[in-house]
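Novice: Got a structure for you, start_4.cif, holding mmCIF, C-alpha atoms.
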data_start
#
loop_
_atom_site.label_atom_id
_atom_site.label_comp_id
_atom_site.auth_asym_id
_atom_site.auth_seq_id
_atom_site.Cartn_x
_atom_site.Cartn_y
_atom_site.Cartn_z
CA MET A 286 53.81 -27.05 -3.28
CA ASN A 287 51.97 -29.64 -1.22
CA TYR A 288 52.96 -33.22 -0.60
CA SER A 289 50.57 -34.67 -3.18
CA ALA A 290 51.83 -32.34 -5.91
CA ALA A 291 55.43 -33.22 -5.10
CA VAL A 292 54.63 -36.92 -5.40
CA PHE A 293 52.85 -36.44 -8.74
CA ALA A 294 55.67 -34.28 -10.07
CA SER A 295 58.28 -36.85 -9.01
CA ILE A 296 56.33 -39.68 -10.61
CA GLY A 297 55.90 -37.63 -13.79
CA LEU A 298 59.63 -36.99 -13.93
CA LEU A 299 60.45 -40.63 -13.25
CA LEU A 300 58.09 -41.74 -16.00
CA LEU A 301 59.70 -39.27 -18.39
CA LEU A 302 63.13 -40.68 -17.56
CA ALA A 303 61.82 -44.22 -17.91
CA ILE A 304 60.39 -43.57 -21.36
CA ALA A 305 63.62 -41.87 -22.42
CA TRP A 306 65.57 -44.90 -21.26
CA LEU A 307 63.21 -47.35 -22.95
CA ALA A 308 63.23 -45.34 -26.16
CA PHE A 309 66.92 -44.65 -26.55
CA SER A 310 68.70 -47.57 -24.92
CA GLU A 311 69.52 -50.61 -26.97
CA SER A 312 67.96 -53.95 -26.16
CA ARG A 313 70.22 -55.43 -23.52
CA ARG A 314 69.90 -59.03 -24.56
CA SER A 315 71.39 -60.02 -27.83
CA THR A 316 69.83 -62.99 -29.50
CA LYS A 317 73.27 -64.34 -30.35
CA VAL A 318 73.37 -65.78 -26.83
CA ILE A 319 71.00 -68.52 -27.83
CA ARG A 320 71.41 -68.38 -31.58
CA ASN A 321 74.97 -69.63 -31.44
CA GLY A 322 73.72 -72.57 -29.46
CA ARG A 323 75.75 -75.59 -28.64
CA GLY A 324 79.04 -74.46 -30.13
CA GLU A 325 79.20 -71.46 -27.84
CA ARG A 326 78.10 -73.39 -24.80
CA GLU A 327 80.85 -75.92 -25.22
CA GLY A 328 83.43 -73.15 -25.17
CA LEU A 329 82.51 -72.06 -21.66
CA HIS A 330 84.56 -72.36 -18.49
CA ILE A 331 83.35 -75.90 -17.91
CA SER A 332 86.25 -77.31 -19.95
CA HIS A 333 88.78 -75.63 -17.62
CA LEU A 334 87.14 -76.67 -14.38
CA PRO A 335 89.74 -79.20 -13.18
CA GLN A 336 92.55 -76.67 -13.58
CA ILE A 337 90.57 -73.91 -11.90
CA LYS A 338 89.58 -76.23 -9.09
CA GLN A 339 93.19 -77.10 -8.53
CA ALA A 340 94.16 -73.44 -8.58
CA LEU A 341 91.56 -72.70 -5.92
CA ALA A 342 92.63 -75.48 -3.60
CA ASN A 343 93.31 -74.16 -0.11
CA VAL A 344 96.16 -76.64 0.40
CA ASP A 345 98.54 -74.68 -1.82
CA PHE A 346 97.94 -71.50 0.08
CA MET A 347 98.45 -73.17 3.48
CA TYR A 348 101.59 -74.87 2.26
CA LEU A 349 103.14 -71.58 1.12
CA ARG A 350 102.35 -69.89 4.41
CA GLU A 351 103.89 -72.72 6.42
CA ARG A 352 107.04 -72.42 4.30
CA GLY A 353 107.26 -68.69 4.96
CA HIS A 354 106.47 -67.49 1.44
CA THR A 355 104.02 -64.86 2.61
CA ALA A 356 104.43 -62.58 -0.41
CA LEU A 357 103.80 -65.45 -2.75
CA ALA A 358 100.86 -66.58 -0.65
CA ASN A 359 99.37 -63.10 -0.88
CA ARG A 360 99.85 -63.04 -4.59
CA ILE A 361 98.14 -66.39 -4.87
CA ARG A 362 95.34 -65.16 -2.68
CA LYS A 363 94.81 -62.25 -5.08
CA GLU A 364 94.88 -64.62 -7.99
CA ARG A 365 92.33 -66.82 -6.29
CA ARG A 366 90.10 -63.87 -5.74
CA ARG A 367 90.37 -62.98 -9.40
CA ILE A 368 89.48 -66.55 -10.33
CA ALA A 369 86.53 -66.49 -7.96
CA LEU A 370 85.31 -63.28 -9.57
CA GLY A 371 85.74 -64.84 -12.96
CA TYR A 372 83.66 -67.76 -11.81
CA LEU A 373 80.97 -65.46 -10.57
CA ALA A 374 80.93 -63.72 -13.93
CA CYS A 375 80.60 -67.10 -15.63
CA LEU A 376 77.76 -68.02 -13.31
CA ARG A 377 76.05 -64.79 -14.23
CA VAL A 378 76.47 -65.57 -17.92
CA GLU A 379 74.97 -69.01 -17.33
CA PHE A 380 72.09 -67.56 -15.39
CA GLU A 381 71.33 -64.95 -18.02
CA ARG A 382 71.58 -67.51 -20.76
CA LEU A 383 69.04 -69.70 -19.03
CA LEU A 384 66.80 -66.70 -18.39
CA HIS A 385 67.05 -65.63 -21.99
CA PHE A 386 66.13 -69.14 -23.04
CA ALA A 387 63.09 -69.02 -20.75
CA ARG A 388 62.02 -65.69 -22.24
CA MET A 389 62.45 -66.95 -25.74
CA ILE A 390 60.28 -69.95 -24.97
CA ALA A 391 57.67 -67.64 -23.42
CA ALA A 392 57.72 -65.33 -26.44
CA MET A 393 57.20 -68.27 -28.77
CA SER A 394 54.45 -69.82 -26.70
CA PRO A 395 50.78 -69.08 -27.40
CA HIS A 396 50.03 -69.08 -23.67
CA VAL A 397 52.16 -67.67 -20.89
CA ALA A 398 51.61 -68.33 -17.19
CA VAL A 399 51.81 -65.15 -15.12
CA ALA A 400 53.03 -67.02 -12.05
CA GLN A 401 55.92 -68.62 -13.92
CA GLU A 402 56.99 -65.35 -15.49
CA ALA A 403 56.69 -63.50 -12.20
CA GLN A 404 58.82 -66.15 -10.55
CA GLY A 405 61.43 -65.79 -13.29
CA LEU A 406 61.52 -62.04 -12.77
CA ARG A 407 61.77 -62.44 -8.99
CA LEU A 408 64.60 -64.93 -9.32
CA ASN A 409 66.38 -62.58 -11.68
CA LEU A 410 66.15 -59.75 -9.15
CA GLU A 411 67.28 -62.05 -6.35
CA PHE A 412 70.18 -63.27 -8.38
CA SER A 413 71.33 -59.74 -9.21
CA TYR A 414 71.17 -58.76 -5.55
CA ARG A 415 73.12 -61.79 -4.38
CA TYR A 416 75.58 -61.61 -7.22
CA TYR A 417 76.58 -58.05 -6.38
CA LEU A 418 76.63 -58.80 -2.67
CA ILE A 419 79.08 -61.65 -3.19
CA TYR A 420 80.98 -59.67 -5.78
CA PHE A 421 81.61 -56.78 -3.41
CA ARG A 422 82.52 -59.14 -0.59
CA LEU A 423 85.08 -60.80 -2.80
CA VAL A 424 86.45 -57.52 -4.12
CA SER A 425 86.73 -56.04 -0.66
CA GLY A 426 88.34 -59.20 0.67
CA ILE A 427 85.67 -59.85 3.31
CA ALA A 428 84.94 -63.28 1.91
CA PRO A 429 86.71 -66.13 3.72
CA LEU A 430 89.21 -68.03 1.60
CA GLU A 431 87.46 -71.30 2.34
CA ALA A 432 84.36 -69.92 0.73
CA ILE A 433 86.33 -68.95 -2.33
CA GLY A 434 87.77 -72.43 -2.46
CA ASN A 435 84.33 -73.92 -2.06
CA LEU A 436 83.18 -71.90 -5.03
CA SER A 437 84.77 -74.31 -7.45
CA ASP A 438 82.58 -77.18 -6.24
CA MET A 439 79.53 -74.99 -6.38
CA VAL A 440 80.14 -73.70 -9.86
CA SER A 441 81.20 -77.01 -11.29
CA ALA A 442 78.14 -78.81 -9.96
CA LEU A 443 75.83 -76.06 -11.11
CA THR A 444 77.41 -75.65 -14.48
CA VAL A 445 77.17 -79.34 -15.21
CA ARG A 446 73.54 -79.37 -14.09
CA MET A 447 72.72 -76.33 -16.14
CA GLN A 448 74.50 -77.57 -19.23
CA THR A 449 72.60 -80.84 -18.98
CA ALA A 450 69.30 -79.12 -18.34
CA MET A 451 69.79 -76.65 -21.16
CA SER A 452 70.67 -79.37 -23.60
CA GLU A 453 67.61 -81.37 -22.60
CA LEU A 454 65.35 -78.34 -22.72
CA GLY A 455 66.77 -77.23 -26.04
CA GLU A 456 66.16 -80.64 -27.51
CA GLN A 457 62.61 -80.65 -26.16
CA ALA A 458 61.97 -77.21 -27.64
CA VAL A 459 63.34 -78.23 -31.01
CA LEU A 460 61.33 -81.43 -30.87
CA GLY A 461 58.19 -79.42 -30.05
CA ALA A 462 58.83 -77.05 -32.93
CA GLU A 463 59.44 -79.93 -35.30
CA LEU A 464 56.30 -81.74 -34.23
CA LEU A 465 54.08 -78.69 -34.58
CA PRO A 466 53.46 -78.68 -38.36
CA HIS A 467 52.32 -82.30 -38.17
CA ASN A 468 49.77 -81.98 -35.41
CA GLY A 469 47.44 -79.81 -37.45
CA SER A 470 46.81 -77.35 -34.65
CA GLY A 471 49.19 -74.76 -36.09
CA LEU A 472 49.85 -71.64 -34.15
CA ASP A 473 46.76 -71.94 -32.05
CA ALA A 474 47.93 -75.09 -30.39
CA GLY A 475 46.83 -75.16 -26.82
CA GLY A 476 44.32 -72.44 -27.11
CA MET B 260 50.25 -29.83 -37.99
CA GLN B 261 47.37 -32.18 -37.21
CA LEU B 262 46.01 -31.66 -40.71
CA ALA B 263 49.44 -32.42 -42.16
CA LEU B 264 49.61 -35.62 -40.14
CA SER B 265 46.09 -36.55 -41.25
CA GLY B 266 47.26 -35.97 -44.82
CA ILE B 267 50.23 -38.29 -44.28
CA LEU B 268 47.97 -40.96 -42.80
CA ILE B 269 45.69 -40.76 -45.83
CA THR B 270 48.40 -40.38 -48.49
CA PHE B 271 50.37 -43.40 -47.29
CA ARG B 272 47.14 -45.29 -46.58
CA HIS B 273 48.18 -45.81 -42.98
CA PHE B 274 44.54 -45.53 -41.95
CA ARG B 275 44.05 -49.11 -43.12
CA ARG B 276 46.56 -50.46 -40.61
CA LEU B 277 46.03 -47.73 -38.02
CA PRO B 278 42.32 -46.91 -38.10
CA PHE B 279 42.07 -45.94 -34.42
CA PHE B 280 45.19 -43.80 -34.57
CA THR B 281 43.82 -42.03 -37.64
CA ALA B 282 40.52 -41.55 -35.84
CA TYR B 283 42.39 -40.10 -32.86
CA ILE B 284 44.19 -37.53 -35.03
CA CYS B 285 40.96 -36.66 -36.87
CA LEU B 286 39.15 -36.31 -33.55
CA ASN B 287 41.82 -33.89 -32.38
CA VAL B 288 41.31 -31.80 -35.50
CA ALA B 289 37.54 -31.94 -34.97
CA GLN B 290 37.97 -31.01 -31.30
CA GLY B 291 39.98 -27.94 -32.25
CA LEU B 292 37.34 -26.78 -34.73
CA PHE B 293 34.50 -27.57 -32.34
CA LEU B 294 36.05 -25.66 -29.46
CA PHE B 295 36.90 -22.74 -31.69
CA ALA B 296 33.24 -22.48 -32.67
CA ILE B 297 32.06 -22.89 -29.07
CA PHE B 298 34.46 -20.25 -27.76
CA GLN B 299 33.40 -17.86 -30.50
CA TYR B 300 29.73 -18.29 -29.67
CA TYR B 301 29.69 -18.70 -25.89
CA GLY B 302 32.97 -17.08 -24.90
CA THR B 303 35.93 -18.78 -23.27
CA SER B 304 34.83 -18.45 -19.66
CA SER B 305 31.23 -19.65 -19.96
CA HIS B 306 29.95 -22.79 -18.29
CA THR B 307 28.93 -24.24 -21.67
CA ALA B 308 32.40 -23.69 -23.08
CA MET B 309 33.93 -25.38 -20.06
CA LEU B 310 31.59 -28.37 -20.36
CA ALA B 311 32.21 -28.63 -24.09
CA GLY B 312 35.95 -28.43 -23.48
CA TRP B 313 36.02 -31.20 -20.90
CA TRP B 314 33.64 -33.49 -22.76
CA SER B 315 35.56 -33.15 -26.01
CA GLU B 316 38.77 -33.78 -24.06
CA ALA B 317 37.27 -36.94 -22.54
CA ILE B 318 36.39 -38.22 -26.01
CA THR B 319 39.89 -37.62 -27.38
CA LEU B 320 41.42 -39.24 -24.30
CA LEU B 321 39.29 -42.31 -24.93
CA ALA B 322 40.32 -42.27 -28.58
CA ARG B 323 43.96 -42.10 -27.47
CA LEU B 324 43.43 -45.21 -25.38
CA PHE B 325 42.09 -47.12 -28.37
CA ALA B 326 44.87 -45.82 -30.62
CA THR B 327 47.50 -46.97 -28.13
CA ALA B 328 45.88 -50.38 -27.73
CA GLU B 329 45.84 -50.69 -31.50
CA ILE B 330 49.59 -50.00 -31.79
CA LEU B 331 50.42 -52.34 -28.91
CA HIS B 332 48.32 -55.00 -30.60
CA LEU B 333 50.24 -54.52 -33.85
CA VAL B 334 53.53 -54.88 -31.98
CA LEU B 335 52.54 -57.89 -29.92
CA ILE B 336 50.20 -59.76 -32.23
CA PRO B 337 53.00 -62.11 -33.35
CA TYR B 338 53.52 -63.00 -29.67
CA ARG B 339 50.20 -64.24 -28.42
CA GLY B 340 51.46 -65.32 -25.02
CA ILE B 341 53.19 -62.02 -24.34
CA TRP B 342 50.15 -60.11 -25.61
CA GLY B 343 48.04 -61.95 -23.04
CA LEU B 344 50.60 -61.20 -20.36
CA ALA B 345 50.81 -57.54 -21.42
CA TRP B 346 47.08 -57.09 -20.98
CA ARG B 347 47.29 -58.43 -17.45
CA VAL B 348 50.23 -56.17 -16.65
CA ILE B 349 48.34 -53.17 -18.04
CA ALA B 350 45.24 -54.08 -16.03
CA VAL B 351 47.13 -54.53 -12.77
CA THR B 352 49.23 -51.38 -13.23
CA SER B 353 46.18 -49.32 -14.16
CA MET B 354 44.25 -50.58 -11.16
CA ALA B 355 47.12 -49.83 -8.79
CA MET B 356 47.62 -46.36 -10.22
CA PHE B 357 43.87 -45.69 -10.16
CA ILE B 358 43.79 -46.44 -6.43
CA PHE B 359 46.80 -44.19 -5.91
CA VAL B 360 45.29 -41.36 -7.96
CA VAL B 361 41.97 -41.54 -6.12
CA ALA B 362 43.72 -41.58 -2.75
CA ALA B 363 46.08 -38.75 -3.65
CA SER B 364 43.46 -36.46 -5.20
CA ARG B 365 40.82 -36.63 -2.47
CA GLY B 366 39.30 -33.50 -1.00
CA ASN B 367 39.72 -31.19 -3.99
CA ALA B 368 36.22 -31.12 -5.49
CA GLY B 369 36.90 -27.84 -7.27
CA LEU B 370 39.81 -29.32 -9.14
CA ALA B 371 38.17 -32.68 -9.77
CA LEU B 372 38.27 -32.43 -13.58
CA MET B 373 41.86 -31.28 -13.66
CA HIS B 374 42.86 -34.03 -11.26
CA ALA B 375 40.87 -36.56 -13.28
CA GLU B 376 42.80 -35.62 -16.41
CA ARG B 377 46.10 -35.76 -14.56
CA GLY B 378 45.11 -39.10 -13.07
CA TYR B 379 44.18 -40.43 -16.47
CA ASN B 380 47.54 -39.35 -17.90
CA LEU B 381 49.35 -40.92 -14.97
CA ILE B 382 47.52 -44.24 -15.35
CA PHE B 383 47.98 -44.14 -19.11
CA ALA B 384 51.72 -43.39 -18.94
CA THR B 385 52.41 -45.94 -16.20
CA ALA B 386 50.52 -48.69 -17.97
CA LEU B 387 52.21 -47.92 -21.26
CA ILE B 388 55.68 -47.82 -19.72
CA SER B 389 55.00 -51.12 -17.94
CA CYS B 390 54.02 -52.63 -21.24
CA LEU B 391 57.10 -51.22 -22.99
CA ALA B 392 59.28 -52.55 -20.16
CA LEU B 393 57.66 -55.96 -20.65
CA ILE B 394 58.39 -55.78 -24.38
CA ARG B 395 62.01 -54.96 -23.61
CA TYR B 396 62.22 -57.72 -20.98
CA TYR B 397 61.26 -60.30 -23.60
CA SER B 398 63.58 -58.71 -26.19
CA ILE B 399 60.70 -58.19 -28.58
CA ARG B 400 61.61 -56.11 -31.60
CA VAL B 401 59.45 -53.03 -32.05
CA GLU B 402 59.39 -51.37 -35.45
CA ASN B 403 60.64 -47.80 -35.30
CA VAL B 404 57.37 -46.33 -36.48
CA TYR B 405 55.35 -48.03 -33.73
CA LYS B 406 58.02 -47.18 -31.20
CA ALA B 407 57.77 -43.52 -32.24
CA LEU B 408 53.99 -43.52 -31.85
CA LEU B 409 54.09 -45.17 -28.41
CA VAL B 410 56.91 -42.97 -27.16
CA GLY B 411 55.06 -39.90 -28.44
CA PHE B 412 51.90 -40.85 -26.53
CA CYS B 413 53.87 -41.54 -23.39
CA PHE B 414 55.98 -38.39 -23.62
CA TYR B 415 52.93 -36.20 -24.04
CA SER B 416 51.18 -37.84 -21.09
CA CYS B 417 54.24 -37.33 -18.86
CA VAL B 418 54.47 -33.69 -19.91
CA LYS B 419 50.79 -33.20 -19.13
CA ILE B 420 51.27 -34.74 -15.68
CA LEU B 421 54.15 -32.38 -14.97
CA LEU B 422 52.29 -29.38 -16.37
CA SER B 423 49.10 -29.99 -14.46
CA THR B 424 51.07 -30.56 -11.26
CA VAL B 425 54.05 -28.19 -11.26
CA LEU B 426 52.61 -25.40 -13.38
CA TYR B 427 49.39 -25.23 -11.43
CA ASP B 428 50.99 -25.35 -8.00
CA PHE B 429 53.75 -22.90 -8.83
CA LEU B 430 52.18 -20.44 -11.19
CA TYR B 431 48.43 -20.46 -10.77
CA ARG B 432 48.27 -17.91 -7.96
CA PRO B 433 51.19 -15.61 -8.79
CA HIS B 434 50.43 -15.29 -12.48
CA SER B 435 47.20 -13.98 -13.90
CA GLN B 436 48.18 -15.20 -17.38
CA PHE B 437 48.00 -18.80 -16.21
CA ALA B 438 45.55 -19.86 -18.94
CA SER B 439 47.69 -18.54 -21.80
CA LEU B 440 50.84 -19.97 -20.27
CA TRP B 441 49.10 -23.31 -19.83
CA GLN B 442 47.98 -23.25 -23.48
CA ILE B 443 51.46 -22.48 -24.77
CA LEU B 444 53.22 -25.02 -22.58
CA SER B 445 50.80 -27.80 -23.43
CA VAL B 446 50.62 -27.02 -27.15
CA VAL B 447 54.40 -26.89 -27.72
CA PRO B 448 55.07 -30.50 -26.57
CA TYR B 449 52.05 -31.68 -28.55
CA LEU B 450 53.42 -29.98 -31.67
CA LEU B 451 56.76 -31.67 -31.09
CA VAL B 452 55.01 -35.02 -30.78
CA LEU B 453 53.06 -34.36 -33.99
CA LEU B 454 56.29 -33.50 -35.78
CA PHE B 455 57.90 -36.66 -34.45
CA TRP B 456 54.94 -38.76 -35.57
CA SER B 457 54.83 -37.11 -38.99
CA ALA B 458 58.49 -37.88 -39.56
CA ALA B 459 57.97 -41.48 -38.47
CA LEU B 460 54.82 -41.99 -40.55
CA ALA B 461 56.13 -40.37 -43.73
CA HIS B 462 57.20 -43.80 -44.93
CA PRO B 463 55.31 -46.97 -45.76
CA LEU B 464 54.56 -49.08 -42.71
CA PRO B 465 56.61 -52.26 -42.22
CA GLU B 466 55.16 -55.54 -43.33
CA LYS B 467 52.82 -57.21 -40.89
CA ARG B 468 54.78 -59.81 -38.98
CA GLU B 469 53.70 -63.40 -38.81
CA GLN B 470 52.69 -65.18 -35.66
CA GLN B 471 55.77 -66.20 -33.68
CA SER B 472 54.03 -68.74 -31.46
CA VAL B 473 55.60 -71.74 -33.06
CA LEU B 474 55.73 -73.82 -29.90
CA PRO B 475 52.76 -75.69 -28.50
CA SER B 476 51.66 -74.66 -25.01
CA SER B 477 52.86 -77.98 -23.62
CA VAL B 478 56.49 -77.07 -24.34
CA TYR B 479 56.19 -73.88 -22.33
CA GLN B 480 54.37 -75.68 -19.52
CA LEU B 481 57.12 -78.26 -19.42
CA ILE B 482 60.15 -76.05 -19.81
CA SER B 483 59.30 -72.89 -17.92
CA PRO B 484 58.90 -74.51 -14.45
CA GLU B 485 62.08 -76.51 -15.04
CA ILE B 486 64.08 -73.38 -15.90
CA ASN B 487 62.67 -71.60 -12.88
CA LEU B 488 63.74 -74.53 -10.71
CA GLN B 489 67.24 -74.25 -12.15
CA LEU B 490 67.31 -70.53 -11.51
CA LEU B 491 66.05 -71.11 -8.00
CA ALA B 492 68.83 -73.66 -7.42
CA ILE B 493 71.46 -71.12 -8.49
CA ASN B 494 69.97 -68.52 -6.20
CA LYS B 495 69.95 -70.93 -3.27
CA ARG B 496 73.57 -71.72 -3.95
CA LEU B 497 74.43 -68.08 -4.01
CA MET B 498 72.50 -67.53 -0.80
CA ASN B 499 74.60 -70.19 0.92
CA PHE B 500 77.78 -69.00 -0.68
CA PHE B 501 79.50 -68.13 2.57
CA LYS B 502 77.89 -70.86 4.66
CA ILE B 503 80.56 -73.43 3.95
CA GLU B 504 79.67 -75.90 6.63
CA GLU B 505 76.03 -76.08 5.49
CA GLU B 506 76.89 -76.46 1.86
CA PRO B 507 76.38 -80.04 0.72
CA GLN B 508 79.09 -81.26 -1.60
CA GLN B 509 77.87 -82.41 -4.97
#
In structure tokens, how does this file's structure come out?

Specialist:
Amino acid sequence: MNYSAAVFASIGLLLLLAIAWLAFSESRRSTKVIRNGRGEREGLHISHLPQIKQALANVDFMYLRERGHTALANRIRKERRRIALGYLACLRVEFERLLHFARMIAAMSPHVAVAQEAQGLRLNLEFSYRYYLIYFRLVSGIAPLEAIGNLSDMVSALTVRMQTAMSELGEQAVLGAELLPHNGSGLDAGG
Amino acid sequence: MQLALSGILITFRHFRRLPFFTAYICLNVAQGLFLFAIFQYYGTSSHTAMLAGWWSEAITLLARLFATAEILHLVLIPYRGIWGLAWRVIAVTSMAMFIFVVAASRGNAGLALMHAERGYNLIFATALISCLALIRYYSIRVENVYKALLVGFCFYSCVKILLSTVLYDFLYRPHSQFASLWQILSVVPYLLVLLFWSAALAHPLPEKREQQSVLPSSVYQLISPEINLQLLAINKRLMNFFKIEEEPQQ
């Protein structure tokens, strides 16, 4: 079998697998993410940020080491790692929520910009890559403790920004939907 | 089996909603009858029979394209923006695959028709899968009946790609019964697809969904860039995750 035939056969097989996956796998994004709205968003990790931030503080760890409680320090380090991983998972949830929101807006819009959607897809891929990179670094213990400690600032700032942005965007979307029946342009608004 | 499916399409009045799909099935029936008559009159190995075979195949392939577009339109018509995006994705994917097919099939003039059919199936399957992936990406609900039709088209195309590639390269020279083997192996998957379609279509079609584009374009234009900026900010943060000294405190 020549090279060209091997390539065609491989592509054919891949396409067959792809269609099987698309046909039999459930839709990965449940609409409940957005449907539950504000109530669910308020119940996120944001309300526990001060406690988590305190738990991640490097000072505690240094203090224990200076006092000779190495075992305890190690245990705390493990705990911190677990918290960092939990934070990462929360960040992922936030990211996916925002992405889902963007997709929902796109699906409800009469016109969709290719560049915007392509950028969203690219950012999603980038995020997944970085997320797993950091995840494995944290799991394997390669990540410096300072970076783990710094995570709290990063997540808190981002979460607050995202919560604010999502609220604003949600309100704008609702406002747009409410205004639509009155503007007379119906579903063809904007084209 | 094709006649049974045609009967289902007529009995349940699916032809009203799926005129191109009905035409595709009817054309397949007509192709079978036409080729049977041609082969009886001219013989199976004559030049006329070969021409008739390929031309009739080209017509049914074209009909398949319209039938698929019709189903995709039914699925995506409530989502005008995504429908517009899907067309662009299909166009780009088809163009890319066309270039690949032309480049990969060069220098085989004797097998041009076979390669053309394989290329068509490859372009068709890739474009359709891209479109289905897009539908999944946007979490768009696809009614089971339409899903069955699209999956059936795609499955058959993939099988044809594999048959025309693997079967030809492996079995053409060693086996003299290549033609019969080819017929059997290409008819069996098609029969399975027809069975699958018949089972899916033996019910009334779901109600036509209303347009989902309830937001004016301005909302999308306002929100989408903002969300992307937010996503970009998260990514940048992640990128600088381990660069503590460069990370500005907020």

Novice: Just the residues within 12 Å of Ser413 (chain A), please, counting only C-alpha atoms, with nothing from its chain fewer than 4 positions along; format it as a list in words.

Specialist: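 In the requested format, the answer is Leu373, Ala374, Leu376, Arg377, Val378, Phe380, Glu381, Leu406, Arg407, Leu408, Asn409, Tyr417, Leu418, Ile419 and Tyr420 of chain A; Leu490, Ile493, Asn494, Leu497 and Met498 of chain B.
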
Novice: Report the residues retrieved by the PyMOL selection byres ((chain A and resi 389) around 10) from the displayed file, expressed as a PyMOL selection string.

Specialist: (chain A and resi 316+319+383-388+390-394) or (chain B and resi 397-399+479)

Novice: Report the residues retrieved by the PyMOL selection byres ((chain B and resi 280-287) around 7) from the displayed file, expressed as a list in words.

Specialist: Gln261, Ser265, Leu268, Phe274, Leu277, Pro278, Phe279, Val288, Ala289, Gln290, Gly291, Thr319, Ala322, Arg323 and Ala326 of chain B

Novice: Produce a file of the selected residues containing C-alpha atoms, as a PDB file, in the frame of the given file.

Specialist:
ATOM      1  CA  GLN B 261      47.370 -32.180 -37.210  1.00  0.00           C
ATOM      2  CA  SER B 265      46.090 -36.550 -41.250  1.00  0.00           C
ATOM      3  CA  LEU B 268      47.970 -40.960 -42.800  1.00  0.00           C
ATOM      4  CA  PHE B 274      44.540 -45.530 -41.950  1.00  0.00           C
ATOM      5  CA  LEU B 277      46.030 -47.730 -38.020  1.00  0.00           C
ATOM      6  CA  PRO B 278      42.320 -46.910 -38.100  1.00  0.00           C
ATOM      7  CA  PHE B 279      42.070 -45.940 -34.420  1.00  0.00           C
ATOM      8  CA  VAL B 288      41.310 -31.800 -35.500  1.00  0.00           C
ATOM      9  CA  ALA B 289      37.540 -31.940 -34.970  1.00  0.00           C
ATOM     10  CA  GLN B 290      37.970 -31.010 -31.300  1.00  0.00           C
ATOM     11  CA  GLY B 291      39.980 -27.940 -32.250  1.00  0.00           C
ATOM     12  CA  THR B 319      39.890 -37.620 -27.380  1.00  0.00           C
ATOM     13  CA  ALA B 322      40.320 -42.270 -28.580  1.00  0.00           C
ATOM     14  CA  ARG B 323      43.960 -42.100 -27.470  1.00  0.00           C
ATOM     15  CA  ALA B 326      44.870 -45.820 -30.620  1.00  0.00           C
TER      16      ALA B 326
END

Novice: Measuring between only C-alpha atoms, which one of B:Leu460, B:Leu320, B:Ile486, B:Ala263 shows the shortest distance to Glu379 (chain A)?

Specialist: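 Using only C-alpha atoms, Glu379 (chain A) sits closest to B:Ile486.
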
Novice: Written as a count of residues only, which residues does the PyMOL selection byres ((chain B and resi 405) around 10) give for the file shown?

Specialist: 20

Novice: Between B:Phe293, B:Pro484, B:Val447, B:Val418, which residue has the minimum interatomic distance to Ala403 (chain A), considering all atoms listed in the file?

Specialist: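 Under the stated criterion, the closest residue is B:Pro484.
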
Novice: Which polymer residues have any atom within 12 Å of an atom of Met354 (chain B), counting all atoms listed in the file, with same-chain residues fewer than 3 positions away left out, as a ChimeraX atom specification?

Specialist: /B:347-351,357-361,378-379,381-383,385-386

Novice: Would you mind exporting C-alpha atoms of the selected residues as a compact mmCIF listing (two decimals), in the coordinates of the input?

Specialist:
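File selection-v6.txt, as written:
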# COMPACT_ATOMS: atom_id res chain seq x y z
CA ARG B 347 47.29 -58.43 -17.45
CA VAL B 348 50.23 -56.17 -16.65
CA ILE B 349 48.34 -53.17 -18.04
CA ALA B 350 45.24 -54.08 -16.03
CA VAL B 351 47.13 -54.53 -12.77
CA PHE B 357 43.87 -45.69 -10.16
CA ILE B 358 43.79 -46.44 -6.43
CA PHE B 359 46.80 -44.19 -5.91
CA VAL B 360 45.29 -41.36 -7.96
CA VAL B 361 41.97 -41.54 -6.12
CA GLY B 378 45.11 -39.10 -13.07
CA TYR B 379 44.18 -40.43 -16.47
CA LEU B 381 49.35 -40.92 -14.97
CA ILE B 382 47.52 -44.24 -15.35
CA PHE B 383 47.98 -44.14 -19.11
CA THR B 385 52.41 -45.94 -16.20
CA ALA B 386 50.52 -48.69 -17.97

Novice: Counting all atoms listed in the file, which residue out of A:Leu410, A:Val397, A:Val344, A:Leu357 sits closest to chain B?

Specialist: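 So, comparing all the options, the nearest one is A:Val397.
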
Novice: Just how far from CA of Leu451 (chain B) is CA of Ser423 (chain B), in Å to one decimal?

Specialist: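 Taking CA of Ser423 (chain B) as the start and CA of Leu451 (chain B) as the end point, the length is 18.4 Å.
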
Novice: Could you state the separation of CA of Arg422 (chain A) and CA of Arg366 (chain A) in Å, given to one decimal place?

Specialist: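 Going from CA of Arg422 (chain A) over to CA of Arg366 (chain A), I get 10.3 Å.
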
Novice: With all atoms of region 403-415 of chain A from the file as input, state the centre and edge lengths in Å to one decimal of the axis-aligned box that has 8 Å extra on each side, as AutoDock Vina command-line options.

Specialist:
--center_x 64.9 --center_y -62.5 --center_z -8.8 --size_x 32.4 --size_y 23.4 --size_z 24.9

Novice: What is the CA of Ser445 (chain B) to CA of Leu422 (chain B) distance in Å?

Specialist: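 So the two atoms, CA of Ser445 (chain B) and CA of Leu422 (chain B), lie 7.4 Å apart.
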
Novice: Which one is closest to Leu301 (chain A): B:Ala384, B:Thr270, B:Met309, B:Trp346? Count only C-alpha atoms.

Specialist: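 For Leu301 (chain A), the nearest of the candidates is B:Ala384.
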
Novice: From the options A:Trp306, A:His396, A:Ser295, A:Glu351, which residue's atoms come nearest to chain B, counting all atoms listed in the file?

Specialist: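 Going through A:Trp306, A:His396, A:Ser295, A:Glu351 one by one, the smallest distance to chain B is for A:His396.
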